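Structure data follow from start-v7.txt (compact mmCIF, C-alpha atoms and all ligand atoms):
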# COMPACT_ATOMS: atom_id res chain seq x y z
CA MET A 1 -18.03 -17.27 16.54
CA SER A 2 -14.55 -18.37 17.57
CA ALA A 3 -11.92 -20.52 15.95
CA THR A 4 -9.66 -22.26 18.44
CA THR A 5 -8.71 -25.09 16.08
CA ILE A 6 -6.84 -22.93 13.60
CA LYS A 7 -3.15 -23.83 13.49
CA PRO A 8 -1.33 -20.67 14.62
CA TRP A 9 1.20 -18.70 12.59
CA VAL A 10 4.20 -16.92 14.06
CA VAL A 11 5.90 -14.68 11.51
CA GLY A 12 8.91 -12.45 12.13
CA ASN A 13 8.94 -9.16 10.25
CA TRP A 14 12.55 -8.04 10.16
CA LYS A 15 11.69 -4.78 8.36
CA MET A 16 14.86 -2.98 7.09
CA ASN A 17 17.12 -5.05 9.40
CA PRO A 18 19.72 -6.50 9.98
CA ILE A 19 23.05 -6.47 8.09
CA HIS A 20 23.96 -9.69 6.27
CA ALA A 21 26.32 -11.15 8.91
CA ASP A 22 23.80 -10.57 11.71
CA ALA A 23 21.00 -12.11 9.64
CA GLN A 24 23.04 -15.29 9.10
CA GLN A 25 23.87 -15.41 12.82
CA LEU A 26 20.22 -14.91 13.77
CA ILE A 27 19.07 -17.73 11.49
CA SER A 28 21.81 -20.00 12.72
CA GLU A 29 20.83 -19.37 16.38
CA PHE A 30 17.15 -19.88 15.57
CA LYS A 31 17.84 -23.20 13.82
CA THR A 32 19.82 -24.40 16.85
CA LEU A 33 16.97 -23.43 19.18
CA LEU A 34 14.47 -25.30 16.97
CA GLN A 35 16.69 -28.35 17.08
CA ASP A 36 17.25 -28.28 20.86
CA SER A 37 13.73 -27.28 21.81
CA PRO A 38 11.35 -28.17 18.97
CA VAL A 39 8.33 -26.15 17.95
CA GLU A 40 6.38 -28.91 16.26
CA ALA A 41 5.42 -28.19 12.66
CA GLU A 42 1.95 -29.71 13.23
CA LYS A 43 1.32 -27.16 15.98
CA CYS A 44 2.48 -23.89 14.45
CA HIS A 45 3.40 -22.34 11.09
CA LEU A 46 6.61 -20.34 11.25
CA GLY A 47 7.82 -17.64 8.89
CA ILE A 48 10.49 -14.98 8.60
CA ALA A 49 10.24 -11.88 6.42
CA PRO A 50 13.71 -10.52 5.65
CA VAL A 51 14.61 -7.63 3.32
CA THR A 52 14.00 -8.40 -0.36
CA LEU A 53 17.74 -8.50 -1.02
CA ALA A 54 18.16 -11.39 1.43
CA LEU A 55 15.07 -13.46 0.56
CA THR A 56 16.83 -16.24 -1.30
CA GLN A 57 19.83 -16.35 1.08
CA ILE A 58 17.56 -16.66 4.09
CA GLN A 59 15.46 -19.24 2.25
CA ALA A 60 18.61 -21.31 1.62
CA ALA A 61 19.65 -21.05 5.25
CA LEU A 62 16.16 -21.98 6.48
CA SER A 63 16.01 -25.00 4.16
CA GLU A 64 18.37 -26.72 6.60
CA ALA A 65 16.13 -26.14 9.64
CA VAL A 66 14.67 -29.20 11.40
CA ARG A 67 11.19 -28.07 10.41
CA PRO A 68 9.66 -25.84 7.73
CA VAL A 69 10.13 -22.10 8.28
CA TYR A 70 8.60 -20.07 5.46
CA THR A 71 10.46 -17.23 3.84
CA VAL A 72 8.06 -14.31 3.51
CA ALA A 73 8.45 -11.22 1.32
CA GLN A 74 7.70 -7.91 3.03
CA ASP A 75 6.05 -6.42 -0.06
CA LEU A 76 5.55 -6.89 -3.80
CA SER A 77 4.97 -4.76 -6.85
CA ARG A 78 1.56 -3.44 -7.87
CA ILE A 79 2.63 -4.47 -11.39
CA ALA A 80 2.28 -8.11 -12.43
CA GLY A 81 4.65 -10.16 -14.57
CA LEU A 82 7.89 -8.90 -16.09
CA GLY A 83 8.82 -5.64 -17.77
CA ALA A 84 10.36 -2.20 -17.66
CA TYR A 85 9.56 -1.34 -14.04
CA THR A 86 12.83 -0.28 -12.43
CA GLY A 87 13.21 -1.32 -8.81
CA GLU A 88 10.13 -3.52 -8.68
CA VAL A 89 9.69 -7.20 -7.74
CA SER A 90 6.50 -8.80 -9.01
CA ALA A 91 4.46 -11.65 -7.57
CA GLU A 92 5.61 -13.85 -10.45
CA LEU A 93 9.28 -13.15 -9.67
CA LEU A 94 8.73 -14.02 -6.02
CA LYS A 95 6.97 -17.24 -7.01
CA ASP A 96 9.77 -18.03 -9.47
CA SER A 97 12.18 -17.94 -6.50
CA GLN A 98 9.87 -20.25 -4.50
CA ILE A 99 8.77 -17.43 -2.21
CA ASP A 100 5.16 -18.38 -1.43
CA TYR A 101 4.18 -15.80 1.21
CA VAL A 102 4.02 -12.02 1.20
CA LEU A 103 3.02 -9.24 3.60
CA VAL A 104 0.67 -6.67 2.10
CA GLY A 105 -0.62 -3.46 3.67
CA HIS A 106 1.75 -3.13 6.61
CA SER A 107 1.02 0.22 8.27
CA GLU A 108 4.56 1.41 7.48
CA ARG A 109 3.86 0.84 3.77
CA ARG A 110 0.46 2.53 4.05
CA GLU A 111 1.86 5.55 5.94
CA LEU A 112 5.37 6.05 4.57
CA PHE A 113 5.10 4.71 1.02
CA ALA A 114 1.59 5.80 0.06
CA ASP A 115 0.19 2.30 -0.36
CA THR A 116 -3.42 3.37 -0.87
CA PRO A 117 -6.36 0.93 -0.86
CA SER A 118 -6.35 0.80 -4.67
CA ILE A 119 -2.61 0.04 -4.80
CA LEU A 120 -3.05 -2.60 -2.10
CA ASN A 121 -5.85 -4.17 -4.11
CA GLU A 122 -3.52 -4.48 -7.11
CA LYS A 123 -0.87 -6.07 -4.89
CA VAL A 124 -3.33 -8.52 -3.31
CA LYS A 125 -4.78 -9.44 -6.70
CA ASN A 126 -1.36 -10.06 -8.27
CA ALA A 127 -0.16 -12.08 -5.30
CA LEU A 128 -3.23 -14.31 -5.24
CA GLN A 129 -3.18 -14.85 -8.99
CA ALA A 130 0.47 -15.91 -8.79
CA GLY A 131 -0.46 -18.42 -6.06
CA LEU A 132 1.08 -16.60 -3.10
CA THR A 133 -0.44 -16.56 0.36
CA VAL A 134 -1.04 -12.97 1.48
CA ILE A 135 -0.60 -11.83 5.07
CA TYR A 136 -2.82 -8.76 4.87
CA CYS A 137 -2.18 -6.20 7.61
CA VAL A 138 -4.89 -3.98 9.05
CA GLY A 139 -5.00 -1.68 12.04
CA GLU A 140 -6.15 1.65 13.40
CA SER A 141 -4.17 4.69 14.56
CA LEU A 142 -4.29 5.94 18.15
CA GLN A 143 -6.47 8.86 17.10
CA GLN A 144 -8.92 6.50 15.36
CA ARG A 145 -9.05 4.29 18.46
CA GLU A 146 -9.56 7.23 20.81
CA SER A 147 -12.37 8.57 18.67
CA GLY A 148 -14.14 5.21 18.72
CA GLN A 149 -13.49 4.40 15.05
CA ALA A 150 -11.13 1.45 15.45
CA GLU A 151 -13.59 -1.27 14.49
CA GLN A 152 -14.99 0.65 11.52
CA VAL A 153 -11.49 1.42 10.18
CA VAL A 154 -10.28 -2.16 10.47
CA LEU A 155 -13.42 -3.67 8.94
CA GLN A 156 -13.23 -1.18 6.07
CA GLN A 157 -9.62 -2.23 5.40
CA ILE A 158 -10.83 -5.83 5.14
CA CYS A 159 -13.81 -4.88 2.94
CA ASP A 160 -11.39 -2.98 0.68
CA ILE A 161 -9.77 -6.19 -0.55
CA ALA A 162 -13.03 -8.14 -0.91
CA ALA A 163 -13.41 -6.75 -4.42
CA VAL A 164 -10.27 -8.55 -5.62
CA VAL A 165 -10.38 -11.79 -3.62
CA ASP A 166 -12.39 -14.59 -5.29
CA ALA A 167 -14.45 -16.98 -3.16
CA GLU A 168 -11.78 -19.71 -3.11
CA GLN A 169 -8.85 -17.29 -2.79
CA TRP A 170 -9.83 -16.45 0.80
CA GLN A 171 -7.99 -19.66 1.65
CA GLN A 172 -4.80 -17.83 0.57
CA ILE A 173 -5.41 -14.96 3.01
CA VAL A 174 -4.09 -14.54 6.54
CA ILE A 175 -5.14 -11.36 8.36
CA ALA A 176 -2.73 -9.57 10.71
CA TYR A 177 -4.41 -7.10 13.06
CA GLU A 178 -1.76 -4.59 14.05
CA PRO A 179 -2.96 -1.49 15.93
CA ILE A 180 -0.56 1.20 14.71
CA TRP A 181 -0.13 2.65 18.20
CA ALA A 182 1.23 -0.72 19.38
CA ILE A 183 3.82 -1.23 16.63
CA GLY A 184 7.36 -0.72 17.86
CA THR A 185 6.14 1.26 20.86
CA GLY A 186 6.31 -1.37 23.58
CA LYS A 187 2.55 -0.84 24.10
CA THR A 188 0.48 -3.96 23.43
CA ALA A 189 -3.27 -4.14 23.10
CA SER A 190 -4.56 -5.95 26.18
CA PRO A 191 -5.46 -9.56 25.39
CA GLU A 192 -9.11 -8.61 26.03
CA ASP A 193 -9.03 -5.68 23.59
CA ALA A 194 -7.16 -7.73 20.99
CA GLN A 195 -9.58 -10.65 21.34
CA THR A 196 -12.55 -8.27 21.02
CA MET A 197 -11.17 -6.84 17.78
CA HIS A 198 -10.25 -10.27 16.43
CA ALA A 199 -13.78 -11.53 17.11
CA LYS A 200 -15.19 -8.47 15.29
CA ILE A 201 -12.86 -9.15 12.37
CA ARG A 202 -14.02 -12.75 12.19
CA GLU A 203 -17.65 -11.65 12.37
CA GLY A 204 -16.97 -9.15 9.56
CA LEU A 205 -15.23 -11.82 7.50
CA SER A 206 -18.22 -14.12 7.93
CA GLN A 207 -20.27 -11.61 5.92
CA ILE A 208 -17.74 -11.86 3.10
CA THR A 209 -16.38 -15.40 2.98
CA ALA A 210 -17.40 -18.92 3.89
CA TYR A 211 -13.80 -19.44 5.09
CA ALA A 212 -14.15 -16.99 8.02
CA VAL A 213 -14.08 -19.78 10.60
CA THR A 214 -10.80 -21.20 9.34
CA LEU A 215 -9.07 -17.95 8.41
CA PRO A 216 -6.06 -17.21 10.64
CA ILE A 217 -6.10 -13.79 12.31
CA LEU A 218 -2.70 -12.84 13.73
CA TYR A 219 -2.03 -10.12 16.27
CA GLY A 220 0.91 -7.74 15.85
CA GLY A 221 2.16 -4.88 17.98
CA SER A 222 5.00 -5.25 20.50
CA VAL A 223 4.51 -9.01 20.89
CA LYS A 224 7.26 -10.37 23.12
CA PRO A 225 7.85 -13.48 25.26
CA GLU A 226 6.33 -11.66 28.26
CA ASN A 227 2.91 -11.19 26.63
CA ALA A 228 2.82 -14.03 24.10
CA VAL A 229 1.27 -16.66 26.38
CA GLU A 230 -1.69 -14.46 27.30
CA LEU A 231 -2.26 -13.40 23.70
CA ALA A 232 -1.97 -17.00 22.49
CA ALA A 233 -4.68 -18.06 24.96
CA CYS A 234 -7.30 -15.85 23.25
CA PRO A 235 -9.58 -17.94 21.05
CA ASP A 236 -9.55 -15.66 18.00
CA ILE A 237 -5.84 -14.81 18.09
CA ASN A 238 -4.33 -17.37 15.73
CA GLY A 239 -0.72 -16.29 15.89
CA ALA A 240 1.54 -13.27 15.85
CA LEU A 241 3.30 -10.97 13.43
CA VAL A 242 6.41 -10.05 15.37
CA GLY A 243 8.65 -7.08 14.60
CA GLY A 244 11.34 -6.09 17.09
CA ALA A 245 11.32 -9.34 19.08
CA SER A 246 11.94 -11.39 15.92
CA LEU A 247 15.43 -9.89 15.71
CA ASN A 248 16.36 -11.89 18.79
CA ALA A 249 16.39 -15.64 18.12
CA ALA A 250 15.59 -16.65 21.71
CA SER A 251 12.66 -14.21 21.99
CA PHE A 252 11.22 -15.26 18.64
CA HIS A 253 11.57 -18.92 19.58
CA GLN A 254 9.78 -18.36 22.91
CA ILE A 255 6.91 -16.58 21.15
CA ALA A 256 6.65 -19.49 18.70
CA GLN A 257 6.56 -21.92 21.63
CA ALA A 258 3.81 -19.91 23.35
CA PHE A 259 1.56 -20.22 20.30
CA ALA A 260 2.48 -23.86 19.55
CA ASN A 261 1.65 -24.77 23.14
CA THR A 262 -1.96 -23.70 22.68
CA GLN A 263 -2.52 -26.61 20.28
C1 LIG B 301 5.33 -5.08 12.95
O1 LIG B 301 5.93 -4.15 12.45
O2 LIG B 301 4.73 -5.87 12.20
C2 LIG B 301 5.35 -5.24 14.39
C3 LIG B 301 4.38 -5.90 14.94
O3 LIG B 301 6.40 -4.66 15.08
P1 LIG B 301 6.71 -4.77 16.66
O4 LIG B 301 6.52 -6.21 17.07
O5 LIG B 301 8.10 -4.30 16.81
O6 LIG B 301 5.72 -3.88 17.35
Give the structure from the file, written as structure tokens.
Amino acid sequence: MSATTIKPWVVGNWKMNPIHADAQQLISEFKTLLQDSPVEAEKCHLGIAPVTLALTQIQAALSEAVRPVYTVAQDLSRIAGLGAYTGEVSAELLKDSQIDYVLVGHSERRELFADTPSILNEKVKNALQAGLTVIYCVGESLQQRESGQAEQVVLQQICDIAAVVDAEQWQQIVIAYEPIWAIGTGKTASPEDAQTMHAKIREGLSQITAYAVTLPILYGGSVKPENAVELAACPDINGALVGGASLNAASFHQIAQAFANTQ
């Protein structure tokens, strides 16, 4: 099963970067690039995930772009609604600020902030109930890959959320396959290896949801202009979650063009 007709997504994950002035400069440069060298909205979804503190500022700056660029939250609270939860930002608060997209389960959250499968399920459930689209990140460690467990680990991470995603809510899910050993390391999965895993993910999804054929599966892990064209050519790679290279407007724009050009 493959899904070449899915409109690709290119989403920049800025992580805990950059300072305010550099963020404004980056958005300004990106908007100019989009104006001078368009990435057509019909051919590619675009999104940027800044730090929580900057979500509404970046959203305001992106509202003046020549085409839609979504503002994406990097995380959300496991607690829904409002209340006495110091430091937390709920799905409802994101939605109230017109933030419609959120990353859940990034490997840095899983590893460094103890986001366990049960916590991630609460986050996914809250986000979907509030009407957000979830970019759900999955991926294996180097040790898991070397011991032949990569596929099993990734499919289990997808099965984990099946308990909290209703039949129709799968339309609000985007999967991002990010092998941990490729994140921020400069090492990218070969297009063949990435395609193989993406096809397995789609096959796994087909056991769970009728929307498997239309569900976008993004690749993440050292995506850059130099490898974007080859990755974009793979039938089951429906876009990219871009870390480091999204902090450079020209690189991020070139990656977006690579994926838009496959349409
Ligand atoms: C990420 O953190 O989501 C990521 C893919 O980072 P990088 O592109 O820097 O590997």
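Taking only C-alpha atoms and all ligand atoms into account, the residues that come within 7 Å of ligand LIG 301 (chain B) are A:Asn13, A:His106, A:Glu178, A:Ala182, A:Ile183, A:Gly184, A:Thr185, A:Gly186, A:Gly220, A:Gly221, A:Ser222, A:Val223, A:Leu241, A:Val242, A:Gly243, A:Gly244, A:Ala245.
Using only C-alpha atoms for every distance, the candidate list A:Pro191, A:Gly83, A:Gly131, A:Pro38 yields A:Gly131 as the residue closest to Ile173 in chain A.
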Fill in: Which of A:Lys125, A:Lys7, A:Lys15, A:His20 sits closest to Leu46 in chain A [using all atoms listed in the file]
A:Lys7
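With all atoms listed in the file as the atoms that count, the residue of A:Thr32, A:Gln25, A:Ser107, A:Gln156 with the shortest distance to Ile201 in chain A is A:Gln156.
Residues within 12 Å of Lys31 in chain A, counting all atoms listed in the file and excluding same-chain residues fewer than 6 positions away, are A:Gln24, A:Gln25, A:Ser37, A:Pro38, A:Val39, A:Leu46, A:Ile58, A:Ala61, A:Leu62, A:Ser63, A:Glu64, A:Ala65, A:Val66, A:Arg67, A:Pro68, A:Val69, A:Ala249, A:Ala250, A:Phe252, A:His253.
Taking CA of Ser246 in chain A as the reference point, CA of Trp14 in chain A is found at 6.7 Å.
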Worksheet item: So which residues touch Pro216 in chain A within 12 Å, counting only C-alpha atoms, skipping near sequence neighbours fewer than 6 positions away, as an MDAnalysis selection string?
Response: chainID A and resid 2:10 44:45 133:136 170:177 198:199 201:202 205 235:241
Practice prompt. Compare A:Gln74, A:Gln149, A:Gln57, A:Ser118 by their minimum atom-to-atom distance to Ser97 in chain A, counting all atoms listed in the file, and give me the closest one.
Written response: A:Gln57
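CA of Gln143 in chain A is found 25.6 Å from CA of Ala162 in chain A.
Between CA of Glu140 in chain A and CA of Glu111 in chain A the interatomic distance comes to 11.6 Å.
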Skipping near chain neighbours, those fewer than 3 positions away, what residues fall within 9 Å of Ala23 in chain A using all atoms listed in the file, listed as a PDB file with C-alpha atoms, in the coordinates of the input?
ATOM      1  CA  ASN A  17      17.120  -5.050   9.400  1.00  0.00           C
ATOM      2  CA  PRO A  18      19.720  -6.500   9.980  1.00  0.00           C
ATOM      3  CA  ILE A  19      23.050  -6.470   8.090  1.00  0.00           C
ATOM      4  CA  HIS A  20      23.960  -9.690   6.270  1.00  0.00           C
ATOM      5  CA  LEU A  26      20.220 -14.910  13.770  1.00  0.00           C
ATOM      6  CA  ILE A  27      19.070 -17.730  11.490  1.00  0.00           C
ATOM      7  CA  SER A  28      21.810 -20.000  12.720  1.00  0.00           C
ATOM      8  CA  PRO A  50      13.710 -10.520   5.650  1.00  0.00           C
ATOM      9  CA  ALA A  54      18.160 -11.390   1.430  1.00  0.00           C
ATOM     10  CA  ILE A  58      17.560 -16.660   4.090  1.00  0.00           C
ATOM     11  CA  LEU A 247      15.430  -9.890  15.710  1.00  0.00           C
TER      12      LEU A 247
END
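Proximity of A:Tyr211, A:Tyr70, A:Tyr85, A:Trp181 to Val102 in chain A, computed with all atoms listed in the file, is greatest for A:Tyr70.
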Could I get range 56-86 of chain A from the block written out with N, CA, C and O atoms, as a short mmCIF file (atom, residue, chain, number, x, y, z; two decimals), in the first residue's frame?
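File part-v5.cif, as written:
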data_model
loop_
_atom_site.label_atom_id
_atom_site.label_comp_id
_atom_site.auth_asym_id
_atom_site.auth_seq_id
_atom_site.Cartn_x
_atom_site.Cartn_y
_atom_site.Cartn_z
N THR A 56 2.11 32.97 20.02
CA THR A 56 1.17 33.97 19.47
C THR A 56 1.90 35.07 18.69
O THR A 56 1.37 35.60 17.72
N GLN A 57 3.15 35.37 19.09
CA GLN A 57 3.93 36.36 18.31
C GLN A 57 4.26 35.81 16.93
O GLN A 57 4.14 36.50 15.92
N ILE A 58 4.67 34.56 16.89
CA ILE A 58 5.02 33.96 15.60
C ILE A 58 3.75 33.82 14.74
O ILE A 58 3.77 34.07 13.54
N GLN A 59 2.66 33.46 15.39
CA GLN A 59 1.39 33.36 14.67
C GLN A 59 1.03 34.71 14.03
O GLN A 59 0.61 34.75 12.87
N ALA A 60 1.21 35.79 14.77
CA ALA A 60 0.90 37.12 14.24
C ALA A 60 1.81 37.43 13.05
O ALA A 60 1.35 37.94 12.02
N ALA A 61 3.08 37.11 13.20
CA ALA A 61 4.03 37.40 12.11
C ALA A 61 3.70 36.54 10.88
O ALA A 61 3.75 37.03 9.74
N LEU A 62 3.32 35.29 11.11
CA LEU A 62 3.02 34.40 9.97
C LEU A 62 1.70 34.75 9.30
O LEU A 62 1.47 34.40 8.14
N SER A 63 0.83 35.46 10.01
CA SER A 63 -0.48 35.81 9.41
C SER A 63 -0.30 36.74 8.21
O SER A 63 -1.19 36.86 7.38
N GLU A 64 0.87 37.36 8.12
CA GLU A 64 1.12 38.25 6.97
C GLU A 64 1.87 37.55 5.84
O GLU A 64 2.25 38.20 4.86
N ALA A 65 2.08 36.25 5.95
CA ALA A 65 2.77 35.52 4.87
C ALA A 65 1.86 35.42 3.65
O ALA A 65 0.63 35.53 3.77
N VAL A 66 2.45 35.19 2.48
CA VAL A 66 1.65 35.12 1.24
C VAL A 66 0.80 33.86 1.16
O VAL A 66 -0.07 33.75 0.29
N ARG A 67 1.06 32.92 2.06
CA ARG A 67 0.30 31.67 2.06
C ARG A 67 0.20 31.20 3.51
O ARG A 67 0.98 31.63 4.37
N PRO A 68 -0.75 30.29 3.80
CA PRO A 68 -0.85 29.83 5.19
C PRO A 68 0.41 29.09 5.66
O PRO A 68 0.95 28.26 4.93
N VAL A 69 0.87 29.45 6.84
CA VAL A 69 1.94 28.71 7.52
C VAL A 69 1.41 28.49 8.94
O VAL A 69 1.18 29.45 9.67
N TYR A 70 1.17 27.24 9.31
CA TYR A 70 0.57 26.96 10.61
C TYR A 70 1.55 27.22 11.74
O TYR A 70 2.75 26.97 11.60
N THR A 71 1.01 27.68 12.84
CA THR A 71 1.81 27.79 14.06
C THR A 71 1.51 26.55 14.88
O THR A 71 0.34 26.24 15.15
N VAL A 72 2.55 25.83 15.26
CA VAL A 72 2.41 24.51 15.88
C VAL A 72 3.01 24.57 17.29
O VAL A 72 4.12 25.07 17.47
N ALA A 73 2.27 24.07 18.28
CA ALA A 73 2.84 23.99 19.63
C ALA A 73 3.75 22.77 19.71
O ALA A 73 3.51 21.77 19.05
N GLN A 74 4.79 22.87 20.53
CA GLN A 74 5.74 21.75 20.64
C GLN A 74 5.27 20.69 21.64
O GLN A 74 5.81 19.59 21.68
N ASP A 75 4.28 21.06 22.46
CA ASP A 75 3.81 20.15 23.51
C ASP A 75 2.53 20.72 24.09
O ASP A 75 2.16 21.87 23.78
N LEU A 76 1.86 19.96 24.93
CA LEU A 76 0.69 20.46 25.66
C LEU A 76 0.60 19.72 26.98
O LEU A 76 1.31 18.74 27.20
N SER A 77 -0.28 20.19 27.82
CA SER A 77 -0.42 19.57 29.14
C SER A 77 -1.16 18.24 29.05
O SER A 77 -2.00 18.04 28.19
N ARG A 78 -0.86 17.36 30.02
CA ARG A 78 -1.65 16.12 30.14
C ARG A 78 -3.00 16.42 30.79
O ARG A 78 -3.89 15.59 30.84
N ILE A 79 -3.12 17.63 31.36
CA ILE A 79 -4.35 18.04 32.04
C ILE A 79 -5.21 18.86 31.07
O ILE A 79 -4.69 19.76 30.40
N ALA A 80 -6.49 18.56 31.02
CA ALA A 80 -7.39 19.31 30.13
C ALA A 80 -8.00 20.52 30.85
O ALA A 80 -8.04 20.56 32.08
N GLY A 81 -8.44 21.48 30.07
CA GLY A 81 -9.23 22.60 30.61
C GLY A 81 -8.40 23.66 31.29
O GLY A 81 -7.31 24.00 30.85
N LEU A 82 -8.97 24.20 32.38
CA LEU A 82 -8.33 25.28 33.14
C LEU A 82 -8.16 24.82 34.58
O LEU A 82 -8.84 23.89 35.00
N GLY A 83 -7.30 25.46 35.34
CA GLY A 83 -7.23 25.11 36.75
C GLY A 83 -5.88 25.38 37.38
O GLY A 83 -5.02 26.02 36.78
N ALA A 84 -5.72 24.87 38.58
CA ALA A 84 -4.52 25.13 39.37
C ALA A 84 -3.41 24.16 38.99
O ALA A 84 -3.14 23.18 39.70
N TYR A 85 -2.80 24.39 37.84
CA TYR A 85 -1.74 23.51 37.34
C TYR A 85 -0.58 24.38 36.87
O TYR A 85 -0.42 24.66 35.68
N THR A 86 0.21 24.83 37.82
CA THR A 86 1.27 25.80 37.58
C THR A 86 2.21 25.36 36.45
O THR A 86 2.70 24.24 36.45
#
